[in-house]
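For reference, coords37.pdb is printed below; it contains PDB, C-alpha atoms and all ligand atoms.
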MODEL        1
ATOM      1  CA  MET A   1      84.523  83.394  87.027
ATOM      2  CA  ARG A   2      82.755  85.324  89.791
ATOM      3  CA  VAL A   3      79.602  87.258  89.060
ATOM      4  CA  SER A   4      81.475  90.350  90.226
ATOM      5  CA  LYS A   5      84.046  89.930  87.463
ATOM      6  CA  THR A   6      81.265  89.520  84.933
ATOM      7  CA  LEU A   7      79.911  92.820  86.135
ATOM      8  CA  ILE A   8      83.267  94.452  85.534
ATOM      9  CA  ALA A   9      83.087  93.126  81.982
ATOM     10  CA  VAL A  10      79.748  94.811  81.383
ATOM     11  CA  GLY A  11      81.264  98.061  82.505
ATOM     12  CA  LEU A  12      81.218  99.619  85.931
ATOM     13  CA  GLY A  13      81.083 103.380  85.893
ATOM     14  CA  ALA A  14      81.476 105.685  88.853
ATOM     15  CA  ALA A  15      77.841 105.218  89.757
ATOM     16  CA  ILE A  16      77.081 101.524  90.010
ATOM     17  CA  ALA A  17      73.427 100.851  90.711
ATOM     18  CA  ALA A  18      72.624  99.364  94.089
ATOM     19  CA  THR A  19      70.813  96.505  92.351
ATOM     20  CA  SER A  20      74.031  95.534  90.596
ATOM     21  CA  PHE A  21      75.697  95.362  93.989
ATOM     22  CA  ALA A  22      72.984  93.059  95.255
ATOM     23  CA  GLN A  23      73.438  90.730  92.277
ATOM     24  CA  ALA A  24      77.201  90.770  92.622
ATOM     25  CA  ALA A  25      76.964  90.095  96.315
ATOM     26  CA  ASP A  26      75.678  86.555  95.746
ATOM     27  CA  LYS A  27      79.208  85.354  95.251
ATOM     28  CA  VAL A  28      81.116  87.761  97.425
ATOM     29  CA  THR A  29      82.858  86.686 100.639
ATOM     30  CA  ILE A  30      84.014  89.318 103.101
ATOM     31  CA  GLY A  31      85.991  88.627 106.279
ATOM     32  CA  PHE A  32      85.245  91.069 109.099
ATOM     33  CA  SER A  33      87.123  91.376 112.381
ATOM     34  CA  GLN A  34      85.195  93.166 115.125
ATOM     35  CA  ILE A  35      86.855  94.347 118.357
ATOM     36  CA  GLY A  36      84.479  92.645 120.784
ATOM     37  CA  ALA A  37      81.367  93.644 122.709
ATOM     38  CA  GLU A  38      82.665  96.241 125.160
ATOM     39  CA  SER A  39      79.713  98.644 124.943
ATOM     40  CA  GLU A  40      76.082  99.162 123.964
ATOM     41  CA  TRP A  41      77.461 101.053 120.966
ATOM     42  CA  ARG A  42      79.605  98.111 119.858
ATOM     43  CA  THR A  43      76.643  95.732 120.021
ATOM     44  CA  ALA A  44      74.663  98.113 117.823
ATOM     45  CA  ASN A  45      77.591  98.324 115.400
ATOM     46  CA  THR A  46      77.924  94.520 115.197
ATOM     47  CA  ASN A  47      74.178  94.063 114.665
ATOM     48  CA  ASP A  48      74.260  96.668 111.919
ATOM     49  CA  VAL A  49      77.263  95.043 110.196
ATOM     50  CA  LYS A  50      75.562  91.634 110.186
ATOM     51  CA  ALA A  51      72.204  93.022 109.003
ATOM     52  CA  ALA A  52      73.768  95.093 106.204
ATOM     53  CA  ALA A  53      75.823  92.145 104.933
ATOM     54  CA  GLU A  54      72.750  89.944 104.943
ATOM     55  CA  ALA A  55      70.638  92.538 103.155
ATOM     56  CA  LEU A  56      73.234  92.694 100.367
ATOM     57  CA  GLY A  57      73.526  88.908 100.168
ATOM     58  CA  ILE A  58      77.174  88.917 101.226
ATOM     59  CA  ASP A  59      78.763  85.808 102.667
ATOM     60  CA  LEU A  60      80.143  87.391 105.854
ATOM     61  CA  LYS A  61      82.856  85.675 107.843
ATOM     62  CA  PHE A  62      82.554  87.478 111.177
ATOM     63  CA  SER A  63      85.162  87.220 113.906
ATOM     64  CA  ASP A  64      85.009  88.681 117.433
ATOM     65  CA  ALA A  65      88.490  89.577 118.750
ATOM     66  CA  GLN A  66      87.443  89.760 122.415
ATOM     67  CA  GLN A  67      89.335  93.056 122.882
ATOM     68  CA  LYS A  68      92.693  91.674 121.719
ATOM     69  CA  GLN A  69      94.720  93.030 118.810
ATOM     70  CA  GLU A  70      96.494  89.665 118.467
ATOM     71  CA  ASN A  71      93.105  88.012 117.849
ATOM     72  CA  GLN A  72      92.343  90.555 115.132
ATOM     73  CA  ILE A  73      95.696  89.836 113.475
ATOM     74  CA  LYS A  74      95.010  86.082 113.638
ATOM     75  CA  ALA A  75      91.539  86.584 112.140
ATOM     76  CA  ILE A  76      92.914  88.689 109.284
ATOM     77  CA  ARG A  77      95.556  86.006 108.592
ATOM     78  CA  THR A  78      92.801  83.379 108.483
ATOM     79  CA  PHE A  79      90.779  85.508 106.048
ATOM     80  CA  ILE A  80      93.862  85.757 103.820
ATOM     81  CA  ALA A  81      94.271  81.977 103.872
ATOM     82  CA  GLN A  82      90.573  81.615 103.019
ATOM     83  CA  LYS A  83      91.109  83.907 100.002
ATOM     84  CA  VAL A  84      88.133  86.133 100.840
ATOM     85  CA  ASP A  85      87.287  88.900  98.366
ATOM     86  CA  LEU A  86      87.844  91.718 100.858
ATOM     87  CA  ILE A  87      88.819  92.099 104.506
ATOM     88  CA  GLY A  88      87.164  94.604 106.824
ATOM     89  CA  PHE A  89      88.135  95.348 110.383
ATOM     90  CA  VAL A  90      87.769  97.814 113.247
ATOM     91  CA  PRO A  91      91.299  98.569 114.483
ATOM     92  CA  ILE A  92      91.187  98.230 118.265
ATOM     93  CA  VAL A  93      94.262 100.456 118.517
ATOM     94  CA  GLU A  94      95.894 102.765 116.000
ATOM     95  CA  THR A  95      99.274 101.087 115.576
ATOM     96  CA  GLY A  96     100.747  97.637 114.893
ATOM     97  CA  TRP A  97      98.981  96.807 111.626
ATOM     98  CA  ASP A  98     101.701  97.229 108.996
ATOM     99  CA  ASN A  99     102.882  93.613 108.781
ATOM    100  CA  ILE A 100      99.506  91.922 108.579
ATOM    101  CA  LEU A 101      98.208  94.480 106.082
ATOM    102  CA  ARG A 102     101.287  93.895 103.927
ATOM    103  CA  GLU A 103     100.419  90.182 103.962
ATOM    104  CA  ALA A 104      96.919  91.025 102.730
ATOM    105  CA  LYS A 105      98.314  93.299 100.044
ATOM    106  CA  ARG A 106     100.748  90.632  98.845
ATOM    107  CA  ALA A 107      97.788  88.229  98.597
ATOM    108  CA  GLY A 108      95.933  90.814  96.491
ATOM    109  CA  ILE A 109      93.078  91.184  99.001
ATOM    110  CA  PRO A 110      91.785  94.734  99.520
ATOM    111  CA  VAL A 111      91.337  95.892 103.121
ATOM    112  CA  MET A 112      88.772  98.362 104.431
ATOM    113  CA  ILE A 113      88.604  99.972 107.870
ATOM    114  CA  MET A 114      85.429 100.570 109.851
ATOM    115  CA  ASP A 115      84.786 102.964 112.752
ATOM    116  CA  ARG A 116      88.267 103.677 114.168
ATOM    117  CA  ASP A 117      91.416 105.018 112.510
ATOM    118  CA  LEU A 118      94.841 103.463 112.207
ATOM    119  CA  LYS A 119      98.370 104.651 111.544
ATOM    120  CA  VAL A 120     100.326 102.769 108.890
ATOM    121  CA  SER A 121     103.616 103.585 107.158
ATOM    122  CA  ASP A 122     101.964 103.180 103.756
ATOM    123  CA  ASP A 123      98.416 104.438 103.200
ATOM    124  CA  SER A 124      97.909 102.085 100.264
ATOM    125  CA  LEU A 125      97.681  99.227 102.801
ATOM    126  CA  TYR A 126      93.966  99.965 103.087
ATOM    127  CA  VAL A 127      91.632 101.182 100.382
ATOM    128  CA  ALA A 128      88.887 102.949 102.308
ATOM    129  CA  LYS A 129      87.585 103.847 105.727
ATOM    130  CA  ILE A 130      83.962 104.311 106.766
ATOM    131  CA  GLY A 131      83.728 105.617 110.285
ATOM    132  CA  THR A 132      83.453 108.490 112.679
ATOM    133  CA  ASP A 133      85.428 111.671 113.329
ATOM    134  CA  SER A 134      86.606 111.268 116.914
ATOM    135  CA  VAL A 135      88.498 114.582 116.979
ATOM    136  CA  ALA A 136      85.276 116.403 116.069
ATOM    137  CA  GLU A 137      83.457 114.439 118.789
ATOM    138  CA  GLY A 138      85.978 115.606 121.403
ATOM    139  CA  ARG A 139      85.606 119.209 120.249
ATOM    140  CA  LYS A 140      81.841 118.919 120.545
ATOM    141  CA  GLN A 141      82.171 117.601 124.106
ATOM    142  CA  PHE A 142      84.115 120.728 125.089
ATOM    143  CA  ALA A 143      81.756 123.066 123.191
ATOM    144  CA  TRP A 144      78.657 121.601 124.846
ATOM    145  CA  MET A 145      80.228 121.808 128.307
ATOM    146  CA  ASP A 146      81.403 125.379 127.828
ATOM    147  CA  GLU A 147      78.055 126.607 126.499
ATOM    148  CA  TYR A 148      76.145 124.884 129.272
ATOM    149  CA  ILE A 149      78.396 126.190 132.058
ATOM    150  CA  THR A 150      77.893 129.692 130.635
ATOM    151  CA  LYS A 151      74.145 129.237 130.192
ATOM    152  CA  ILE A 152      73.440 128.038 133.735
ATOM    153  CA  ASP A 153      76.152 130.268 135.199
ATOM    154  CA  ARG A 154      77.551 127.276 137.039
ATOM    155  CA  LYS A 155      79.802 128.066 139.984
ATOM    156  CA  PRO A 156      82.458 125.652 141.261
ATOM    157  CA  ARG A 157      80.966 123.311 143.847
ATOM    158  CA  ASN A 158      83.907 123.734 146.218
ATOM    159  CA  GLY A 159      83.560 127.526 146.276
ATOM    160  CA  GLY A 160      86.852 127.950 144.411
ATOM    161  CA  ASP A 161      87.463 129.835 141.189
ATOM    162  CA  LYS A 162      87.755 126.926 138.735
ATOM    163  CA  ILE A 163      85.237 124.477 137.266
ATOM    164  CA  ASN A 164      86.843 121.113 138.011
ATOM    165  CA  VAL A 165      86.619 118.451 135.331
ATOM    166  CA  VAL A 166      87.365 114.720 135.411
ATOM    167  CA  ILE A 167      87.700 112.680 132.248
ATOM    168  CA  LEU A 168      87.014 108.991 131.638
ATOM    169  CA  GLU A 169      89.072 108.008 128.612
ATOM    170  CA  GLY A 170      88.470 105.072 126.283
ATOM    171  CA  THR A 171      90.785 102.182 125.465
ATOM    172  CA  VAL A 172      94.442 103.231 125.570
ATOM    173  CA  GLY A 173      95.801 103.662 122.033
ATOM    174  CA  ALA A 174      92.348 103.513 120.379
ATOM    175  CA  SER A 175      91.720 106.304 117.894
ATOM    176  CA  ALA A 176      88.295 106.891 119.468
ATOM    177  CA  ALA A 177      90.065 107.772 122.724
ATOM    178  CA  VAL A 178      93.125 109.510 121.260
ATOM    179  CA  GLY A 179      90.978 111.607 118.898
ATOM    180  CA  ARG A 180      88.395 112.613 121.493
ATOM    181  CA  SER A 181      91.157 113.689 123.896
ATOM    182  CA  LYS A 182      92.853 115.640 121.105
ATOM    183  CA  GLY A 183      89.639 117.382 120.043
ATOM    184  CA  PHE A 184      88.659 118.230 123.622
ATOM    185  CA  ASN A 185      92.119 119.566 124.534
ATOM    186  CA  GLU A 186      92.438 121.592 121.334
ATOM    187  CA  ALA A 187      89.037 123.191 121.890
ATOM    188  CA  LEU A 188      89.894 123.911 125.531
ATOM    189  CA  GLU A 189      93.206 125.529 124.591
ATOM    190  CA  ALA A 190      91.557 127.653 121.908
ATOM    191  CA  SER A 191      88.676 128.773 124.131
ATOM    192  CA  PRO A 192      88.483 132.290 125.558
ATOM    193  CA  ASN A 193      87.060 130.548 128.657
ATOM    194  CA  LYS A 194      90.065 128.260 128.973
ATOM    195  CA  ASP A 195      91.074 129.669 132.372
ATOM    196  CA  ARG A 196      87.838 128.819 134.078
ATOM    197  CA  TYR A 197      88.541 125.072 133.805
ATOM    198  CA  ASN A 198      90.829 122.790 135.734
ATOM    199  CA  ILE A 199      91.327 119.189 134.588
ATOM    200  CA  LEU A 200      91.542 117.356 137.893
ATOM    201  CA  ALA A 201      92.105 113.868 136.525
ATOM    202  CA  SER A 202      91.930 111.889 133.305
ATOM    203  CA  GLN A 203      92.088 108.105 133.281
ATOM    204  CA  THR A 204      91.082 105.190 131.079
ATOM    205  CA  GLY A 205      87.879 103.278 131.775
ATOM    206  CA  ASP A 206      88.432 101.109 128.675
ATOM    207  CA  PHE A 207      85.042 102.055 127.181
ATOM    208  CA  THR A 208      83.222  99.691 129.597
ATOM    209  CA  ARG A 209      80.498 100.362 132.148
ATOM    210  CA  ALA A 210      82.260  98.347 134.883
ATOM    211  CA  LYS A 211      85.549 100.206 134.458
ATOM    212  CA  GLY A 212      83.766 103.560 134.213
ATOM    213  CA  LYS A 213      82.159 102.868 137.595
ATOM    214  CA  GLU A 214      85.417 101.716 139.140
ATOM    215  CA  VAL A 215      87.448 104.721 137.944
ATOM    216  CA  MET A 216      84.705 107.167 138.931
ATOM    217  CA  GLU A 217      84.732 105.664 142.428
ATOM    218  CA  SER A 218      88.439 106.388 142.659
ATOM    219  CA  PHE A 219      87.944 109.946 141.306
ATOM    220  CA  LEU A 220      85.286 110.512 143.979
ATOM    221  CA  LYS A 221      87.558 109.160 146.695
ATOM    222  CA  SER A 222      90.408 111.460 145.649
ATOM    223  CA  TYR A 223      88.482 114.599 144.719
ATOM    224  CA  GLY A 224      85.063 114.199 146.380
ATOM    225  CA  ASN A 225      83.353 117.558 146.500
ATOM    226  CA  ASP A 226      85.651 119.221 143.981
ATOM    227  CA  ILE A 227      84.268 117.554 140.850
ATOM    228  CA  ASP A 228      81.919 119.729 138.766
ATOM    229  CA  VAL A 229      81.949 117.965 135.391
ATOM    230  CA  LEU A 230      82.477 114.437 134.118
ATOM    231  CA  ILE A 231      83.511 114.118 130.485
ATOM    232  CA  SER A 232      83.150 110.484 129.503
ATOM    233  CA  GLN A 233      84.534 109.324 126.181
ATOM    234  CA  ASN A 234      81.595 106.954 125.824
ATOM    235  CA  ASP A 235      78.123 106.541 127.271
ATOM    236  CA  ASP A 236      78.755 103.148 128.850
ATOM    237  CA  MET A 237      81.477 104.565 131.101
ATOM    238  CA  ALA A 238      79.184 107.502 131.933
ATOM    239  CA  LEU A 239      76.408 105.074 132.910
ATOM    240  CA  GLY A 240      78.814 103.193 135.183
ATOM    241  CA  ALA A 241      80.007 106.507 136.653
ATOM    242  CA  ILE A 242      76.404 107.546 137.395
ATOM    243  CA  GLN A 243      76.085 104.490 139.671
ATOM    244  CA  ALA A 244      79.267 105.513 141.511
ATOM    245  CA  ILE A 245      78.074 109.126 141.856
ATOM    246  CA  GLU A 246      74.715 108.056 143.291
ATOM    247  CA  ALA A 247      76.407 105.596 145.650
ATOM    248  CA  ALA A 248      78.513 108.509 146.914
ATOM    249  CA  GLY A 249      75.313 110.398 147.794
ATOM    250  CA  LEU A 250      75.650 112.941 144.985
ATOM    251  CA  LYS A 251      73.155 113.903 142.293
ATOM    252  CA  PRO A 252      74.336 113.064 138.760
ATOM    253  CA  ALA A 253      73.563 115.825 136.233
ATOM    254  CA  GLN A 254      73.242 118.372 139.059
ATOM    255  CA  ASP A 255      76.162 118.094 141.476
ATOM    256  CA  ILE A 256      78.247 116.680 138.651
ATOM    257  CA  ILE A 257      77.428 117.597 135.050
ATOM    258  CA  ILE A 258      77.712 114.486 132.875
ATOM    259  CA  ILE A 259      78.588 114.563 129.181
ATOM    260  CA  GLY A 260      78.999 111.310 127.282
ATOM    261  CA  ALA A 261      79.637 110.186 123.731
ATOM    262  CA  ASP A 262      77.760 107.683 121.495
ATOM    263  CA  ALA A 263      74.076 108.632 121.996
ATOM    264  CA  VAL A 264      72.950 105.079 122.825
ATOM    265  CA  LYS A 265      69.469 104.400 124.180
ATOM    266  CA  GLY A 266      70.806 103.768 127.691
ATOM    267  CA  MET A 267      72.173 107.316 127.794
ATOM    268  CA  PHE A 268      68.908 108.745 126.463
ATOM    269  CA  GLN A 269      67.112 106.973 129.298
ATOM    270  CA  ALA A 270      69.591 108.445 131.788
ATOM    271  CA  MET A 271      68.962 111.933 130.362
ATOM    272  CA  ILE A 272      65.197 111.406 130.524
ATOM    273  CA  ASP A 273      65.609 110.288 134.154
ATOM    274  CA  GLY A 274      67.546 113.488 134.922
ATOM    275  CA  LYS A 275      70.846 111.662 135.519
ATOM    276  CA  ALA A 276      72.909 112.859 132.552
ATOM    277  CA  ASN A 277      73.157 116.156 130.690
ATOM    278  CA  ALA A 278      74.295 115.462 127.132
ATOM    279  CA  THR A 279      75.781 112.991 124.709
ATOM    280  CA  ILE A 280      77.759 113.552 121.529
ATOM    281  CA  GLU A 281      76.700 111.083 118.898
ATOM    282  CA  CYS A 282      79.084 108.472 117.517
ATOM    283  CA  ASN A 283      77.010 106.772 114.856
ATOM    284  CA  PRO A 284      77.452 102.962 114.741
ATOM    285  CA  LEU A 285      75.203 102.492 111.693
ATOM    286  CA  GLN A 286      78.010 102.183 109.170
ATOM    287  CA  GLY A 287      77.307  98.746 107.676
ATOM    288  CA  LYS A 288      75.318  99.691 104.559
ATOM    289  CA  LEU A 289      77.813 102.260 103.335
ATOM    290  CA  PHE A 290      80.697  99.977 104.258
ATOM    291  CA  PHE A 291      79.473  96.987 102.268
ATOM    292  CA  GLU A 292      78.246  99.041  99.324
ATOM    293  CA  THR A 293      81.728 100.543  99.108
ATOM    294  CA  ALA A 294      83.289  97.085  99.532
ATOM    295  CA  LEU A 295      81.253  95.699  96.637
ATOM    296  CA  LYS A 296      82.266  98.613  94.479
ATOM    297  CA  ILE A 297      85.938  97.908  95.240
ATOM    298  CA  ILE A 298      85.584  94.154  94.685
ATOM    299  CA  ASN A 299      84.023  94.958  91.334
ATOM    300  CA  GLY A 300      87.048  96.982  90.309
ATOM    301  CA  GLY A 301      85.713 100.431  91.185
ATOM    302  CA  GLN A 302      87.157 103.064  93.482
ATOM    303  CA  PRO A 303      85.554 104.505  96.612
ATOM    304  CA  ASP A 304      84.268 108.046  96.019
ATOM    305  CA  GLN A 305      86.479 109.154  98.915
ATOM    306  CA  LYS A 306      89.134 107.235 100.824
ATOM    307  CA  VAL A 307      87.691 108.313 104.188
ATOM    308  CA  VAL A 308      83.961 108.833 104.758
ATOM    309  CA  TYR A 309      82.549 110.000 108.084
ATOM    310  CA  VAL A 310      78.943 109.169 108.913
ATOM    311  CA  ASP A 311      76.573 111.917 110.134
ATOM    312  CA  GLU A 312      76.477 112.609 113.864
ATOM    313  CA  GLY A 313      74.393 114.840 116.122
ATOM    314  CA  VAL A 314      74.478 116.270 119.630
ATOM    315  CA  PHE A 315      71.699 115.510 122.133
ATOM    316  CA  SER A 316      70.911 116.947 125.537
ATOM    317  CA  ALA A 317      68.550 116.185 128.408
ATOM    318  CA  GLU A 318      66.258 118.953 127.142
ATOM    319  CA  ASP A 319      65.437 117.139 123.898
ATOM    320  CA  ALA A 320      65.969 113.530 125.065
ATOM    321  CA  ALA A 321      62.317 112.552 125.619
ATOM    322  CA  GLU A 322      61.241 113.949 122.263
ATOM    323  CA  VAL A 323      64.099 112.341 120.320
ATOM    324  CA  PHE A 324      64.126 108.979 122.113
ATOM    325  CA  PRO A 325      61.340 107.298 120.050
ATOM    326  CA  THR A 326      63.277 107.992 116.859
ATOM    327  CA  ARG A 327      66.521 106.393 118.027
ATOM    328  CA  LYS A 328      67.600 103.223 116.250
ATOM    329  CA  TYR A 329      70.242 102.091 118.749
TER     330      TYR A 329
HETATM  331  O1  LIG B 401      85.089 103.357 118.398
HETATM  332  C1  LIG B 401      83.866 103.811 118.862
HETATM  333  C2  LIG B 401      83.813 103.683 120.340
HETATM  334  O2  LIG B 401      84.054 102.357 120.710
HETATM  335  C3  LIG B 401      82.496 104.048 120.973
HETATM  336  O3  LIG B 401      82.445 105.337 121.463
HETATM  337  C4  LIG B 401      82.500 103.127 122.145
HETATM  338  O4  LIG B 401      81.310 103.049 122.842
HETATM  339  C5  LIG B 401      82.998 101.907 121.520
HETATM  340  O5  LIG B 401      83.237 100.889 122.361
ENDMDL
END
Could you show the structure in this file as structure tokens?
Amino acid sequence: MRVSKTLIAVGLGAAIAATSFAQAADKVTIGFSQIGAESEWRTANTNDVKAAAEALGIDLKFSDAQQKQENQIKAIRTFIAQKVDLIGFVPIVETGWDNILREAKRAGIPVMIMDRDLKVSDDSLYVAKIGTDSVAEGRKQFAWMDEYITKIDRKPRNGGDKINVVILEGTVGASAAVGRSKGFNEALEASPNKDRYNILASQTGDFTRAKGKEVMESFLKSYGNDIDVLISQNDDMALGAIQAIEAAGLKPAQDIIIIGADAVKGMFQAMIDGKANATIECNPLQGKLFFETALKIINGGQPDQKVVYVDEGVFSAEDAAEVFPTRKY
């Protein structure tokens, strides 16, 4: 019998002490499928997952899907065959998970989601999600832009009557991209300042620096002096875009206002260097809460809430230098 089952026998209430988790963890095996290593954020998330599992004494079977959903499905199937105690994964895209999650359910293995959301026909196919609220992040991107444009009384660079915006979207079908677009568009539609903006172009840069640079180059070729604002759905794409903007002889953060998402150190450095204006935090430090919840579930308990969002802030160039030393990723 596993230690975890012994713990159930001694009675697990709603509040199980963290020390009990640590004891139970000695015998617990968790399979975890990560998306890949597409961004600075993802590396921080992976490091945090591994460190949190180690701190709790969990036997972590970690698999890197190299940006492919089929690899995640294969990894989950392997975890089922290995009879792990719980499966965790970051869904690279929202859809296409029903069959494999049914296999896990039939095998009696609970599944938890980290970071991104998914859409399944039956919500009981996963027991809990620890992650971020991408719709809120998109809303915050619009709010920051709108306040800043008002504050500096920014006029369109081309002398026209609209502030022209280009958007670098994340991976197609990923909740982090879908949600941020939804939040941004909803906030734009609801804004009394809606009419002062024109969305010139919106295209995926797949959450990578290289693609962000490439797509920004094509935006600059097509729209050159019209672009006033870049909304980037993550910081890595923004950092790639900054290279393209400088190569085009323009000043990032001045000629083109740059707003990212994630709040990684690279973006803080860009803000300190005067090359970016703001970033909306997407907090990758989800491992501790994730594994504590997992242990609770393995021990027969219930998560306090099915979906928990981690805390997230908003940071701008004005406070970047002061905040930078406190950043953990
Ligand atoms: O799902 C979170 C997103 O995925 C982050 O914004 C991005 O950097 C990562 O790759």
Which residues sit within 8 Å of ligand LIG 401 (chain B), counting all atoms listed in the file, listed as a VMD selection string? chain A and resid 37 to 42 92 115 to 116 132 170 174 to 177 207 to 208 233 to 236 261 to 262 282 284
Can you write just those residues out, C-alpha atoms, as an mmCIF file, keeping the file's coordinate frame?
data_model
loop_
_atom_site.group_PDB
_atom_site.id
_atom_site.type_symbol
_atom_site.label_atom_id
_atom_site.label_comp_id
_atom_site.auth_asym_id
_atom_site.auth_seq_id
_atom_site.Cartn_x
_atom_site.Cartn_y
_atom_site.Cartn_z
ATOM 1 C CA ALA A 37 81.367 93.644 122.709
ATOM 2 C CA GLU A 38 82.665 96.241 125.160
ATOM 3 C CA SER A 39 79.713 98.644 124.943
ATOM 4 C CA GLU A 40 76.082 99.162 123.964
ATOM 5 C CA TRP A 41 77.461 101.053 120.966
ATOM 6 C CA ARG A 42 79.605 98.111 119.858
ATOM 7 C CA ILE A 92 91.187 98.230 118.265
ATOM 8 C CA ASP A 115 84.786 102.964 112.752
ATOM 9 C CA ARG A 116 88.267 103.677 114.168
ATOM 10 C CA THR A 132 83.453 108.490 112.679
ATOM 11 C CA GLY A 170 88.470 105.072 126.283
ATOM 12 C CA ALA A 174 92.348 103.513 120.379
ATOM 13 C CA SER A 175 91.720 106.304 117.894
ATOM 14 C CA ALA A 176 88.295 106.891 119.468
ATOM 15 C CA ALA A 177 90.065 107.772 122.724
ATOM 16 C CA PHE A 207 85.042 102.055 127.181
ATOM 17 C CA THR A 208 83.222 99.691 129.597
ATOM 18 C CA GLN A 233 84.534 109.324 126.181
ATOM 19 C CA ASN A 234 81.595 106.954 125.824
ATOM 20 C CA ASP A 235 78.123 106.541 127.271
ATOM 21 C CA ASP A 236 78.755 103.148 128.850
ATOM 22 C CA ALA A 261 79.637 110.186 123.731
ATOM 23 C CA ASP A 262 77.760 107.683 121.495
ATOM 24 C CA CYS A 282 79.084 108.472 117.517
ATOM 25 C CA PRO A 284 77.452 102.962 114.741
#
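CA of Gly31 (chain A) sits 13.6 Å away from CA of Asn71 (chain A).
For the choices A:Val165, A:Leu188, A:Ala263, A:Ile58, the atom-to-atom distance to Ala44 (chain A) is smallest for A:Ala263 when using only C-alpha atoms.
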Residue by residue, what does the PyMOL selection byres (((chain A and resi 220-222) around 12) and not hetatm) grab here? Present the result as a ChimeraX atom specification. /A:165-166,200-201,213-219,223-230,241-250,256
Padding 4 Å on every side, please: axis-aligned box over the listed atoms of region 44-57 of chain A, centre and edge lengths to one decimal in Å, as AutoDock Vina command-line options.
--center_x 74.3 --center_y 93.6 --center_z 109.0 --size_x 15.3 --size_y 17.4 --size_z 25.7
Compile the contact shell of region 48-53 of chain A as a short mmCIF file (atom, residue, chain, number, x, y, z; two decimals) with C-alpha atoms, in the frame of the given file: residues with an atom at most 10 Å away, counting all atoms listed in the file, same-chain residues fewer than 5 positions apart removed.
data_model
loop_
_atom_site.label_atom_id
_atom_site.label_comp_id
_atom_site.auth_asym_id
_atom_site.auth_seq_id
_atom_site.Cartn_x
_atom_site.Cartn_y
_atom_site.Cartn_z
CA ALA A 25 76.96 90.10 96.32
CA THR A 29 82.86 86.69 100.64
CA ILE A 30 84.01 89.32 103.10
CA PHE A 32 85.24 91.07 109.10
CA GLN A 34 85.20 93.17 115.12
CA ARG A 42 79.60 98.11 119.86
CA THR A 43 76.64 95.73 120.02
CA ILE A 58 77.17 88.92 101.23
CA ASP A 59 78.76 85.81 102.67
CA LEU A 60 80.14 87.39 105.85
CA LYS A 61 82.86 85.68 107.84
CA PHE A 62 82.55 87.48 111.18
CA MET A 114 85.43 100.57 109.85
CA PRO A 284 77.45 102.96 114.74
CA LEU A 285 75.20 102.49 111.69
CA GLN A 286 78.01 102.18 109.17
CA GLY A 287 77.31 98.75 107.68
CA LYS A 288 75.32 99.69 104.56
CA LEU A 289 77.81 102.26 103.34
CA PHE A 290 80.70 99.98 104.26
CA PHE A 291 79.47 96.99 102.27
CA GLU A 292 78.25 99.04 99.32
CA TYR A 329 70.24 102.09 118.75
#
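The smallest atom-to-atom distance between Gln66 (chain A) and any of A:Gln203, A:Ser33, A:Gln269, A:Asn45, using all atoms listed in the file, is found for A:Ser33.
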Test item: residues at most 9 Å from region 316-325 of chain A, only C-alpha atoms, excluding those fewer than 6 positions along its chain, as a PyMOL selection string: chain A and resi 259+265+268-280
Atoms kept (C-alpha atoms) for selection, written as a tab-separated table (two decimals), in the coordinates of the input:
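After the write, selection32.tsv holds the following:
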chain	number	residue	atom	x	y	z
A	259	ILE	CA	78.59	114.56	129.18
A	265	LYS	CA	69.47	104.40	124.18
A	268	PHE	CA	68.91	108.74	126.46
A	269	GLN	CA	67.11	106.97	129.30
A	270	ALA	CA	69.59	108.44	131.79
A	271	MET	CA	68.96	111.93	130.36
A	272	ILE	CA	65.20	111.41	130.52
A	273	ASP	CA	65.61	110.29	134.15
A	274	GLY	CA	67.55	113.49	134.92
A	275	LYS	CA	70.85	111.66	135.52
A	276	ALA	CA	72.91	112.86	132.55
A	277	ASN	CA	73.16	116.16	130.69
A	278	ALA	CA	74.30	115.46	127.13
A	279	THR	CA	75.78	112.99	124.71
A	280	ILE	CA	77.76	113.55	121.53
Counting only C-alpha atoms, what is within 7 Å of Ile163 (chain A), bar same-chain residues fewer than 6 positions away, as a PyMOL selection string? chain A and resi 156+196-198+228
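The coordinates place CA of Ile297 (chain A) at 21.5 Å from CA of Ser63 (chain A).
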Hits of the PyMOL selection byres (((chain A and resi 294) around 10) and not hetatm) in this structure, as a ChimeraX atom specification: /A:21,25,28,30,85-88,110-112,127-128,288-293,295-303
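The coordinates place CA of Lys68 (chain A) at 12.1 Å from CA of Gly96 (chain A).
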